[in-house]
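> This is run-v5.txt, which holds compact mmCIF, C-alpha atoms:
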```txt
# COMPACT_ATOMS: atom_id res chain seq x y z
CA MET A 1 127.82 63.85 282.85
CA THR A 2 129.06 67.10 281.31
CA GLU A 3 130.44 65.23 278.31
CA LYS A 4 126.94 64.33 277.05
CA LEU A 5 126.66 61.69 274.35
CA PRO A 6 123.54 61.97 272.17
CA VAL A 7 123.24 58.21 271.66
CA SER A 8 120.64 56.56 273.91
CA ARG A 9 119.45 53.04 274.38
CA ARG A 10 116.09 54.37 273.16
CA THR A 11 117.52 54.79 269.67
CA ILE A 12 120.10 52.00 269.32
CA LEU A 13 119.38 48.53 268.01
CA THR A 14 121.53 46.39 270.29
CA ALA A 15 123.52 43.76 268.43
CA GLY A 16 122.94 40.44 270.15
CA GLY A 17 120.99 42.19 272.88
CA LEU A 18 117.33 42.29 273.76
CA GLY A 19 115.81 43.53 270.53
CA VAL A 20 114.57 46.88 269.35
CA LEU A 21 114.90 49.40 272.17
CA GLY A 22 113.38 52.43 270.52
CA ALA A 23 110.30 51.33 268.60
CA ALA A 24 108.24 54.35 267.61
CA LEU A 25 104.84 54.92 269.24
CA PRO A 26 102.18 57.23 267.81
CA THR A 27 101.54 59.40 270.88
CA ALA A 28 103.48 62.07 272.72
CA ALA A 29 103.51 59.81 275.75
CA ALA A 30 105.79 57.47 273.84
CA ASN A 31 108.56 60.03 274.09
CA ALA A 32 108.47 59.69 277.88
CA ALA A 33 107.85 55.94 277.85
CA PRO A 34 109.95 53.61 280.00
CA ARG A 35 113.59 53.68 278.95
CA ASP A 36 113.49 49.95 278.40
CA VAL A 37 112.06 46.91 280.09
CA PRO A 38 114.78 44.26 280.16
CA ARG A 39 113.37 41.34 282.15
CA MET A 40 111.95 39.49 285.02
CA SER A 41 112.11 39.57 288.78
CA PRO A 42 109.25 39.37 291.25
CA ALA A 43 110.15 42.48 293.24
CA GLY A 44 113.72 43.52 292.55
CA SER A 45 115.33 41.43 295.29
CA PRO A 46 118.83 39.91 294.98
CA ARG A 47 119.02 36.29 293.86
CA ALA A 48 118.57 33.54 296.45
CA THR A 49 122.27 32.65 296.30
CA ALA A 50 123.44 36.24 296.85
CA PRO A 51 125.20 37.09 300.13
CA THR A 52 122.91 37.83 303.08
CA LEU A 53 123.48 41.14 304.83
CA THR A 54 122.93 41.52 308.58
CA PHE A 55 123.85 43.99 311.26
CA HIS A 56 126.71 42.90 313.49
CA PRO A 57 125.93 41.66 317.03
CA ASP A 58 126.77 45.15 318.31
CA GLY A 59 124.07 46.60 316.01
CA THR A 60 126.41 48.20 313.47
CA PHE A 61 126.71 48.00 309.69
CA LYS A 62 129.03 49.91 307.34
CA LEU A 63 128.33 50.77 303.71
CA VAL A 64 130.67 52.52 301.28
CA GLN A 65 129.36 54.41 298.24
CA PHE A 66 131.70 54.97 295.32
CA ASN A 67 130.54 57.03 292.35
CA ASP A 68 131.54 57.65 288.76
CA THR A 69 134.47 55.27 288.45
CA GLN A 70 133.75 56.12 284.79
CA ASP A 71 136.59 54.81 282.62
CA ASP A 72 137.36 52.28 279.89
CA GLU A 73 139.32 49.04 280.19
CA HIS A 74 142.51 51.01 280.85
CA THR A 75 141.17 52.40 284.11
CA ASP A 76 143.34 54.99 285.82
CA ARG A 77 145.33 52.92 288.30
CA ARG A 78 144.59 55.41 291.11
CA THR A 79 140.86 54.68 290.87
CA VAL A 80 141.56 51.08 291.84
CA GLU A 81 144.08 52.19 294.47
CA LEU A 82 141.45 54.47 296.04
CA ILE A 83 138.90 51.66 296.12
CA GLU A 84 141.36 49.17 297.60
CA LYS A 85 142.71 51.52 300.25
CA THR A 86 139.20 52.52 301.26
CA LEU A 87 138.14 48.88 301.57
CA ASP A 88 141.19 47.99 303.63
CA SER A 89 140.90 50.97 305.96
CA GLU A 90 137.10 50.97 306.38
CA GLN A 91 136.36 47.22 306.24
CA PRO A 92 132.80 47.81 304.93
CA ASP A 93 130.02 45.24 305.04
CA MET A 94 128.81 46.30 301.58
CA VAL A 95 129.92 48.53 298.70
CA LEU A 96 127.81 50.32 296.10
CA ILE A 97 129.11 51.87 292.88
CA ASN A 98 126.32 54.36 292.27
CA GLY A 99 126.30 54.82 288.51
CA ASP A 100 128.70 55.55 285.65
CA VAL A 101 130.70 52.45 286.45
CA ILE A 102 132.22 52.67 282.97
CA THR A 103 132.10 55.11 280.05
CA GLY A 104 132.91 55.34 276.34
CA GLY A 105 136.09 53.96 274.81
CA CYS A 106 135.33 50.26 275.24
CA GLU A 107 135.27 49.04 271.65
CA THR A 108 134.52 45.36 272.29
CA ARG A 109 132.48 43.15 274.60
CA LEU A 110 135.74 42.05 276.24
CA ALA A 111 136.76 45.66 276.88
CA VAL A 112 133.44 46.35 278.63
CA LYS A 113 133.92 43.31 280.84
CA GLN A 114 137.48 44.38 281.65
CA ALA A 115 136.44 47.95 282.47
CA ILE A 116 133.80 46.64 284.87
CA ASN A 117 136.07 44.00 286.35
CA ASN A 118 138.80 46.54 287.12
CA VAL A 119 136.56 48.34 289.63
CA VAL A 120 134.48 45.48 291.07
CA TRP A 121 137.29 42.97 291.54
CA PRO A 122 138.63 44.76 294.67
CA MET A 123 135.34 43.92 296.40
CA GLU A 124 134.90 40.49 294.84
CA SER A 125 138.43 39.37 295.68
CA ARG A 126 137.94 40.44 299.31
CA GLY A 127 134.57 38.71 299.61
CA ILE A 128 132.74 42.00 300.22
CA PRO A 129 129.12 42.09 298.98
CA TRP A 130 128.59 44.78 296.37
CA ALA A 131 126.08 46.18 293.90
CA VAL A 132 125.82 48.87 291.24
CA THR A 133 123.28 51.32 289.92
CA TYR A 134 123.30 52.67 286.37
CA GLY A 135 124.26 56.19 285.31
CA ASN A 136 124.07 58.18 282.12
CA HIS A 137 127.49 57.02 280.83
CA ASP A 138 127.27 53.24 281.28
CA GLU A 139 126.04 52.69 277.72
CA ASP A 140 128.37 55.19 276.04
CA SER A 141 130.27 52.27 274.49
CA LEU A 142 127.13 50.57 273.20
CA PRO A 143 127.50 51.61 269.54
CA GLN A 144 131.01 50.12 269.39
CA SER A 145 130.77 47.19 271.83
CA GLY A 146 127.15 46.11 271.33
CA VAL A 147 126.84 45.72 275.12
CA ASP A 148 123.78 47.32 276.70
CA GLU A 149 122.86 47.66 280.37
CA ALA A 150 120.85 44.43 280.42
CA MET A 151 123.90 42.53 279.20
CA MET A 152 126.06 44.31 281.77
CA LEU A 153 123.58 43.24 284.44
CA ASP A 154 124.06 39.60 283.46
CA PHE A 155 127.80 40.13 283.81
CA TYR A 156 127.48 41.79 287.22
CA ARG A 157 125.29 38.97 288.46
CA SER A 158 127.89 36.38 287.42
CA TYR A 159 130.04 37.43 290.40
CA ASP A 160 129.51 35.49 293.62
CA HIS A 161 129.26 38.57 295.85
CA ASN A 162 127.02 40.72 293.66
CA LEU A 163 123.65 41.81 295.09
CA ASN A 164 121.90 43.17 292.00
CA ALA A 165 118.49 41.80 291.06
CA GLU A 166 117.24 40.89 287.63
CA SER A 167 115.18 43.69 286.14
CA VAL A 168 111.55 43.83 287.22
CA ALA A 169 109.24 43.00 284.33
CA GLY A 170 107.39 46.06 283.06
CA LEU A 171 109.35 48.54 285.16
CA THR A 172 111.41 51.35 283.64
CA GLY A 173 115.15 50.98 284.01
CA THR A 174 117.64 48.20 284.53
CA GLY A 175 118.13 46.25 287.76
CA ASN A 176 116.02 48.32 290.17
CA THR A 177 116.86 46.51 293.39
CA ILE A 178 115.84 46.33 297.04
CA VAL A 179 118.71 45.04 299.19
CA PRO A 180 117.55 44.09 302.70
CA ILE A 181 119.79 44.16 305.77
CA GLY A 182 118.77 41.78 308.53
CA SER A 183 118.59 42.66 312.21
CA ALA A 184 121.33 41.61 314.60
CA ALA A 185 118.58 40.36 316.90
CA GLY A 186 117.03 37.75 314.64
CA ALA A 187 115.44 36.80 311.33
CA ARG A 188 113.75 40.05 310.37
CA GLU A 189 114.60 42.93 308.08
CA ALA A 190 116.04 45.97 309.86
CA PHE A 191 116.92 48.22 306.92
CA ALA A 192 116.48 48.47 303.15
CA LEU A 193 118.74 49.82 300.41
CA TRP A 194 116.74 51.03 297.40
CA LEU A 195 118.90 51.02 294.24
CA LEU A 196 117.18 52.65 291.26
CA ASP A 197 118.18 53.35 287.67
CA SER A 198 117.76 57.09 287.05
CA GLY A 199 118.38 56.70 283.32
CA ARG A 200 120.59 58.44 280.79
CA TYR A 201 119.23 61.38 278.78
CA ALA A 202 115.88 63.04 278.18
CA PRO A 203 114.06 62.10 274.97
CA GLY A 204 114.56 64.38 271.98
CA THR A 205 111.05 65.77 272.19
CA ILE A 206 107.78 65.41 274.06
CA ALA A 207 104.61 66.51 272.24
CA GLY A 208 106.83 67.92 269.49
CA GLN A 209 108.71 70.20 271.89
CA ASP A 210 112.44 69.87 272.48
CA PHE A 211 114.37 70.54 275.70
CA SER A 212 116.45 73.50 274.53
CA GLY A 213 117.18 75.60 277.61
CA TYR A 214 116.36 72.77 280.01
CA PRO A 215 118.63 70.12 281.52
CA THR A 216 118.77 67.15 279.16
CA TRP A 217 119.53 64.30 281.56
CA ASP A 218 116.97 61.67 282.47
CA TRP A 219 114.71 61.34 285.49
CA LEU A 220 113.02 58.65 287.56
CA ARG A 221 109.79 57.74 285.81
CA MET A 222 106.40 57.58 287.48
CA ASP A 223 106.26 53.79 287.34
CA GLN A 224 109.49 53.68 289.37
CA VAL A 225 108.00 56.07 291.92
CA ALA A 226 104.85 53.91 292.06
CA TRP A 227 106.99 50.76 292.38
CA TYR A 228 108.85 52.23 295.36
CA ARG A 229 105.57 53.28 296.97
CA SER A 230 103.92 49.90 296.40
CA GLU A 231 106.91 47.90 297.62
CA SER A 232 107.20 50.17 300.66
CA GLN A 233 103.55 49.61 301.50
CA GLN A 234 103.88 45.85 301.08
CA LEU A 235 106.93 45.79 303.35
CA GLU A 236 105.01 47.71 306.00
CA GLN A 237 102.04 45.37 305.73
CA ARG A 238 104.22 42.28 306.00
CA LEU A 239 106.41 43.55 308.85
CA GLY A 240 103.78 45.50 310.77
CA ARG A 241 106.00 48.60 310.68
CA LYS A 242 107.75 50.86 308.22
CA LEU A 243 111.20 49.61 307.25
CA PRO A 244 113.82 52.39 307.36
CA GLY A 245 116.24 52.65 304.48
CA LEU A 246 118.39 54.68 302.12
CA MET A 247 117.86 55.27 298.40
CA PHE A 248 120.66 55.51 295.86
CA ILE A 249 120.25 56.95 292.36
CA HIS A 250 122.84 58.40 290.01
CA ILE A 251 121.19 61.66 288.90
CA ALA A 252 120.25 64.21 291.55
CA LEU A 253 116.68 65.12 292.44
CA TRP A 254 115.60 68.73 292.01
CA GLU A 255 115.35 68.84 295.79
CA HIS A 256 119.14 68.56 296.05
CA ARG A 257 119.39 71.94 294.32
CA PHE A 258 116.51 73.47 296.29
CA MET A 259 118.16 72.42 299.54
CA TRP A 260 121.52 74.03 298.73
CA TRP A 261 120.02 77.37 297.68
CA GLY A 262 117.37 77.46 300.37
CA GLY A 263 114.65 77.96 297.78
CA VAL A 264 113.48 77.32 294.22
CA ASP A 265 114.46 80.49 292.34
CA THR A 266 117.20 81.81 294.62
CA ARG A 267 120.88 82.00 293.63
CA THR A 268 122.72 84.44 295.92
CA GLU A 269 125.31 83.63 298.57
CA ALA A 270 122.84 84.84 301.18
CA ASP A 271 120.33 82.31 299.87
CA ALA A 272 122.94 79.54 299.99
CA ALA A 273 123.87 80.55 303.53
CA ARG A 274 120.20 80.28 304.51
CA GLY A 275 120.00 76.83 302.90
CA ARG A 276 123.17 75.65 304.64
CA ALA A 277 121.96 76.87 308.02
CA ARG A 278 118.37 75.63 307.74
CA HIS A 279 119.31 72.20 306.39
CA ALA A 280 122.59 71.71 308.30
CA ILE A 281 124.52 71.24 305.06
CA VAL A 282 128.07 69.89 305.27
CA GLY A 283 130.50 69.67 302.34
CA GLU A 284 131.39 71.35 299.06
CA ARG A 285 129.40 72.34 295.98
CA ASN A 286 131.72 72.99 293.05
CA GLU A 287 129.29 72.61 290.13
CA ASP A 288 125.60 72.94 289.42
CA GLU A 289 123.35 70.07 290.32
CA CYS A 290 122.26 68.36 287.08
CA PRO A 291 118.80 66.80 287.45
CA GLY A 292 116.59 66.06 284.47
CA PRO A 293 113.99 68.52 283.14
CA ILE A 294 111.06 66.79 284.89
CA ASN A 295 110.59 66.53 288.65
CA SER A 296 109.78 62.85 289.16
CA GLY A 297 107.83 63.27 292.38
CA MET A 298 110.03 60.73 294.15
CA PHE A 299 110.79 63.07 297.03
CA ASN A 300 107.06 63.64 297.57
CA ALA A 301 106.52 59.87 297.68
CA ILE A 302 109.38 59.51 300.18
CA LEU A 303 107.86 62.20 302.41
CA GLU A 304 104.50 60.42 302.27
CA ARG A 305 105.91 57.00 303.09
CA GLY A 306 108.37 58.15 305.75
CA ASP A 307 110.67 55.11 305.48
CA VAL A 308 113.53 56.27 303.23
CA LYS A 309 115.79 58.38 305.44
CA GLY A 310 118.14 59.63 302.75
CA VAL A 311 118.72 59.88 298.99
CA PHE A 312 122.34 59.89 297.82
CA VAL A 313 123.58 60.53 294.31
CA GLY A 314 126.68 61.13 292.19
CA HIS A 315 126.76 62.40 288.58
CA ASP A 316 128.20 65.79 289.57
CA HIS A 317 131.74 64.70 290.36
CA VAL A 318 132.96 67.66 292.39
CA ASN A 319 130.05 67.96 294.80
CA ASP A 320 130.20 66.11 298.11
CA TYR A 321 127.71 67.91 300.32
CA TYR A 322 124.76 66.52 302.25
CA GLY A 323 122.05 68.00 304.44
CA ASP A 324 118.71 67.37 306.12
CA TYR A 325 115.92 68.43 303.77
CA TYR A 326 112.69 68.33 305.77
CA GLY A 327 113.63 65.14 307.57
CA VAL A 328 115.31 63.36 304.64
CA LEU A 329 119.08 63.36 304.13
CA LEU A 330 120.01 64.48 300.61
CA GLY A 331 123.61 64.22 299.51
CA TYR A 332 126.41 63.37 297.14
CA ALA A 333 129.35 61.06 297.03
CA PRO A 334 132.24 62.65 295.13
CA GLY A 335 133.58 61.15 291.93
CA THR A 336 135.86 58.17 292.56
CA GLY A 337 137.34 57.76 289.08
CA PHE A 338 140.60 59.55 288.31
CA GLY A 339 139.94 59.12 284.58
CA ALA A 340 136.84 61.34 284.61
CA TYR A 341 136.56 65.12 284.89
CA GLY A 342 137.31 66.76 288.21
CA LEU A 343 138.14 70.24 289.45
CA PRO A 344 139.96 72.65 287.10
CA GLY A 345 143.72 72.65 286.64
CA ALA A 346 146.12 71.35 289.25
CA GLU A 347 143.23 70.63 291.66
CA ARG A 348 141.65 68.14 289.26
CA ASN A 349 141.86 65.19 291.67
CA ARG A 350 141.42 66.90 295.04
CA MET A 351 137.80 65.72 295.44
CA ARG A 352 138.27 62.05 294.52
CA GLY A 353 136.79 59.84 297.21
CA GLY A 354 133.92 57.75 298.50
CA ARG A 355 131.15 58.17 301.05
CA VAL A 356 130.94 56.00 304.17
CA PHE A 357 127.65 55.24 305.95
CA GLU A 358 127.75 53.91 309.50
CA LEU A 359 124.38 52.44 310.46
CA THR A 360 123.43 51.55 314.03
CA GLU A 361 120.31 49.63 315.05
CA ASN A 362 118.26 51.17 317.84
CA GLY A 363 115.12 49.09 318.29
CA ASP A 364 113.05 49.47 315.12
CA GLU A 365 115.00 52.59 314.16
CA VAL A 366 118.43 52.87 312.56
CA GLN A 367 120.76 55.78 313.21
CA ILE A 368 122.71 56.99 310.17
CA ALA A 369 126.10 58.70 310.31
CA THR A 370 127.97 59.57 307.12
CA ARG A 371 131.32 61.03 306.09
CA VAL A 372 133.61 61.19 303.05
CA VAL A 373 136.95 59.42 302.62
CA TYR A 374 139.28 61.26 300.23
CA ALA A 375 142.16 60.01 298.11
CA ARG A 376 144.17 62.96 299.41
CA ASP A 377 144.04 61.44 302.91
CA LEU A 378 145.11 57.98 301.75
CA GLY A 379 148.51 58.87 300.31
CA ILE A 380 147.34 58.60 296.67
CA ASP A 381 149.04 60.63 293.94
CA LEU A 382 146.80 63.58 293.01
CA THR A 383 148.81 64.75 290.00
CA ALA A 384 146.48 66.17 287.34
CA ASN A 385 147.32 63.61 284.67
CA ASP A 386 146.16 60.21 283.41
CA GLN A 387 147.73 57.00 284.67
CA PRO A 388 146.07 54.13 282.75
CA MET A 389 146.59 50.54 283.88
CA GLU A 390 146.48 47.21 282.13
CA PRO A 391 143.16 45.43 282.73
CA THR A 392 142.83 43.19 285.78
CA PRO A 393 142.58 39.56 284.55
CA LEU A 394 139.08 38.13 284.41
CA ALA A 395 138.27 35.10 286.56
CA PRO A 396 137.13 31.99 284.60
CA LYS A 397 133.46 32.51 285.50
CA GLN A 398 133.51 36.05 284.12
CA GLU A 399 135.47 35.03 281.04
CA ALA A 400 132.63 32.63 280.24
CA VAL A 401 129.81 35.18 280.43
```
What does the file become when written as structure tokens?


Amino acid sequence: MTEKLPVSRRTILTAGGLGVLGAALPTAAANAAPRDVPRMSPAGSPRATAPTLTFHPDGTFKLVQFNDTQDDEHTDRRTVELIEKTLDSEQPDMVLINGDVITGGCETRLAVKQAINNVVWPMESRGIPWAVTYGNHDEDSLPQSGVDEAMMLDFYRSYDHNLNAESVAGLTGTGNTIVPIGSAAGAREAFALWLLDSGRYAPGTIAGQDFSGYPTWDWLRMDQVAWYRSESQQLEQRLGRKLPGLMFIHIALWEHRFMWWGGVDTRTEADAARGRARHAIVGERNEDECPGPINSGMFNAILERGDVKGVFVGHDHVNDYYGDYYGVLLGYAPGTGFGAYGLPGAERNRMRGGRVFELTENGDEVQIATRVVYARDLGIDLTANDQPMEPTPLAPKQEAV
């Protein structure tokens, strides 16, 4: 996130990948064109052989969100320890790694596979369904490894318990996915998890103008907003009601920042106190929110549709707050990866953790409770150093991909 890499999949010719990713177009609109369009899926649903998620007979379901595991094939051993101890203590029904699963340093295709395997194997080996979204760092190794996000998606989908969909044809981003959770009462959807690719970095210019002075991360594109809106409407038409859900993206919306400060142009502690009181904010903010330079309009679409009850992000490793922004929960999971940046000095690893969501069916509604689990509460060494591990061995199926 803060260690921005200028290389983007818009400008790299992927060796052995899906062809030219950054073909020039003659209009300014080309600079804000879809990041790439990998391939095919009717509506972004998990494959037919993927695990089926349902609420328990008592109407409960538990989801864990990890964020920014962000390392190479020699993952800090404490990242895996945090994941494993969280899984064993929380016993979740599903796990999401919400972007920046890996980062630069993977020099080969094998190294990319090992870096991924290190952090997904704890779920896979326990038979826990899991999925990922993409962040700005996942392709940092592309120039050395030749592995782009579409190729990573094929690798993710080779695991038996993965829930990611193939990419929707014509839609910006990789692996935008709708994961349904079935009702405890019968064969109907009770909840939806919207997993969207928020991209990497802004284009160099639009209409000949650069982004000097503006944030230079990416943003959800209008076709992704339209896709969410269309799929939401189709779900409502098919079910005869709006399907509640949560949305997960890596890069924060502008509304995350507005919520914290209680306004658009405000920056005083009094403003923040107003924001915290009005929006019932819980948790810490230790760095600026880092959205892209363009407001995507996704929050407006969510307000209009009224089905997504919360939008949770990562990207900013040392933020873990959440609040109620005009009826929609907006929040962070803290950074999970011990190999990535954290707080300054001796406190570097104090915020490492994951976010737990406890969902409870109540008729057609679903109640959402959420909290953070920290490494510091799980007996994990917080020393401000690096503790790289040898890669977890690949299973035969993953070796073959």

> Show which residues sit within 8 Å of region 374-386 of chain A, as a ChimeraX atom specification. Count all atoms listed in the file, and ignore same-chain residues fewer than 5 positions away.

/A:76,78,81-82,85,338-339,345-354

> Please report the interatomic distance between CA of Gly59 (chain A) and CA of Glu84 (chain A) in Å with one decimal.

25.4 Å

> Kindly indicate which residue among A:Asp68, A:Gly208, A:Gly310, A:Tyr326 lies nearest to Ala369 (chain A), using only C-alpha atoms for the distances.

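Once distances to Ala369 (chain A) are computed over only C-alpha atoms, the minimum belongs to A:Gly310.
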
> Quick one: of A:Trp254, A:Trp227, A:Phe312, A:Phe55, who's nearest to Val168 (chain A), counting only C-alpha atoms?

A:Trp227

> For each of A:Ala165, A:Val373, A:Ala192, A:Ile249, take the minimum atom-to-atom distance to Glu236 (chain A), counting all atoms listed in the file, then give the residue where this is smallest.

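Going through A:Ala165, A:Val373, A:Ala192, A:Ile249 one by one, the smallest distance to Glu236 (chain A) is for A:Ala192.
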